[in-house]
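Participant: Below is one structure. I have some questions about it.
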Amino acid sequence: MQIVKTAKELSELCRSWHKDGQTVALVPTMGYYHDGHAALMDKARGLGDKVVVSLFVNPTQFGPNEDYASYPRDFERDRAVAEAHGADALFAPEPAELYAPDAATWVEVPEMSTVLCGASRPIHFRGVCTVCTKLFMLTQADYAVFGEKDWQQQAILRRMVRDLFYPVTIVSVPIQRAEDGLALSSRNVYLTEEERAQAPEIQAGLRYARSLVEQGETRVSVLRDAVLRRWASRLPLGRLDYLYVVDPVSLATLDEVKGPALMACAVKVGKARLIDNILLK
Ligand code: AMP
């Protein structure tokens, strides 16, 4: 596996692969790998002739009071995981390599970026769309693989790619979870033992909502109240950021579950802000 540090090197490497008629699958990540990242790499390995994993804690997707500086990092361990999961190249640039001091160009999908996570993280998806654009340009990737844990992210990127005719296919991988149901996240390391013990209640609440839908409940207000009541007693350390039911493609909020519907949430537990989602239908 090659370690690539510069944009030029990455572009030349991928160009040479394409010239040989090989396809490229890209896995954008911020590192501190867990089995969720590994599942994305495995998926990419099955899609492209060559796999590029990018490891970049992207400063532009963090707000001023967020955890950019303290975001967990472990390059040596990540390098070993990427190599074990079949990456051909690990792209690990310094921020200055991707952002010139006078960088002034942004890509954004405003309508889909102010709801859900975007409400409390106003610049987040602009940073995500911009860095993914840079990675798509440099790699000319045929496939780019993302996790359904960040459902909003992959929905926005699908819209961006469709609207601007990017020659890449976005592929999503289901949420990978710990045995007790907690969605794997690099930020789970922030949890204390007590917080970690309550955190699986996030998914349990969402599953409870889905069971109510299976029993015939369609009113979102009823589903929401039921989940919030459950969390109040079983997840007392949790502070709700949001809990919404949205159209899985457009992310428009729904009042009733008639067709495809996604329940998505963000809950702050101690220092961690945890997100999760479930398809209700
Ligand atoms: P991150 O390094 O947290 O930015 O995540 C990089 C990619 O891994 C994103 O596409 C995430 O959606 C995906 N990912 C993170 N956690 C999980 C998980 N538990 N299951 C599946 N995909 C995940």
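Identifiers in the structure tokens: chain A, B, ... in order shown; residue index from 1 per chain; ligand index from 1 in order shown.
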List all protein, DNA and RNA residues that have any atom at most 8 Å from ligand 1, counting only C-alpha atoms and all ligand atoms, and write the list as a ChimeraX atom specification.
Facilitator: /A:27-37,39-40,55,57,145-151,153-154,172-177,183-186
Participant: Do a neighbour search on A:Thr60 at 9 Å with only C-alpha atoms, toss out local chain neighbours closer than 6 positions, and write the hits as number ranges by chain.
Facilitator: A: 123-124, 126-128, 130-131
Participant: Taking the backbone alone, and naming residues the way the document does, which bits of stretch 39-199 of chain A are helix (DSSP H, G or I) by DSSP, as number ranges by chain?
Facilitator: A: 39-47, 59-61, 75-84, 95-98, 110-113, 117-120, 124-139, 148-163, 186-190, 193-198
Participant: DSSP on the backbone, strand (DSSP E or B) only: what residues of stretch 218-272 of chain A does that give? Format it as a list in words.
Facilitator: Arg219, Gly238, Arg239, Leu240, Asp241, Tyr242, Leu243, Tyr244, Val245, Val246, Thr253, Glu256, Leu262, Met263, Ala264, Cys265, Ala266, Val267, Lys268, Val269 and Ala272 of chain A
Participant: Find the residue from A:Phe136, A:Pro59, A:Leu240, A:Gln203 that sits nearest to A:Glu94; use only C-alpha atoms when measuring.
Facilitator: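 Looking at the shortest contact to A:Glu94, the residue is A:Pro59.
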Participant: What does the distance between atom CA of A:Ser250 and atom CA of A:Val52 come to in Å, to one decimal place?
Facilitator: 28.9 Å
Participant: What lies within 12 Å of stretch 103-115 of chain A using only C-alpha atoms, ignoring chain neighbours under 6 positions off, as an NGL selection string?
Facilitator: :A and (60-61 or 95-97 or 121-134 or 151-164 or 241-253 or 264-266)
Participant: From the set A:Leu13, A:Met263, A:Ile278, A:Ala89, which residue has the shortest atom-to-atom contact distance to A:Ser221, counting only C-alpha atoms?
Facilitator: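 That would be A:Met263, the residue with the smallest distance to A:Ser221.
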Participant: What gap, in Å, lies between atom CA of A:Asp180 and atom CA of A:Ile202?
Facilitator: 10.8 Å
Participant: Quick one, how far is atom CA of A:Lys271 from atom CA of A:Tyr190?
Facilitator: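 Separation of atom CA of A:Lys271 and atom CA of A:Tyr190: 6.0 Å.
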Participant: Point out the residue among A:Val269, A:Leu280, A:Ile170, A:Ala141 with the least atom-to-atom distance to A:Ala209, counting only C-alpha atoms.
Facilitator: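 Ranked by minimum distance to A:Ala209, first place goes to A:Leu280.
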Participant: Taking 6 positions as the minimum chain separation for residues in the same chain, which residues sit within 10 Å of A:Ala87 when counting only C-alpha atoms? Answer as a PyMOL selection string.
Facilitator: chain A and resi 1-2+25-27+41-42+44-45+50-54+79-81
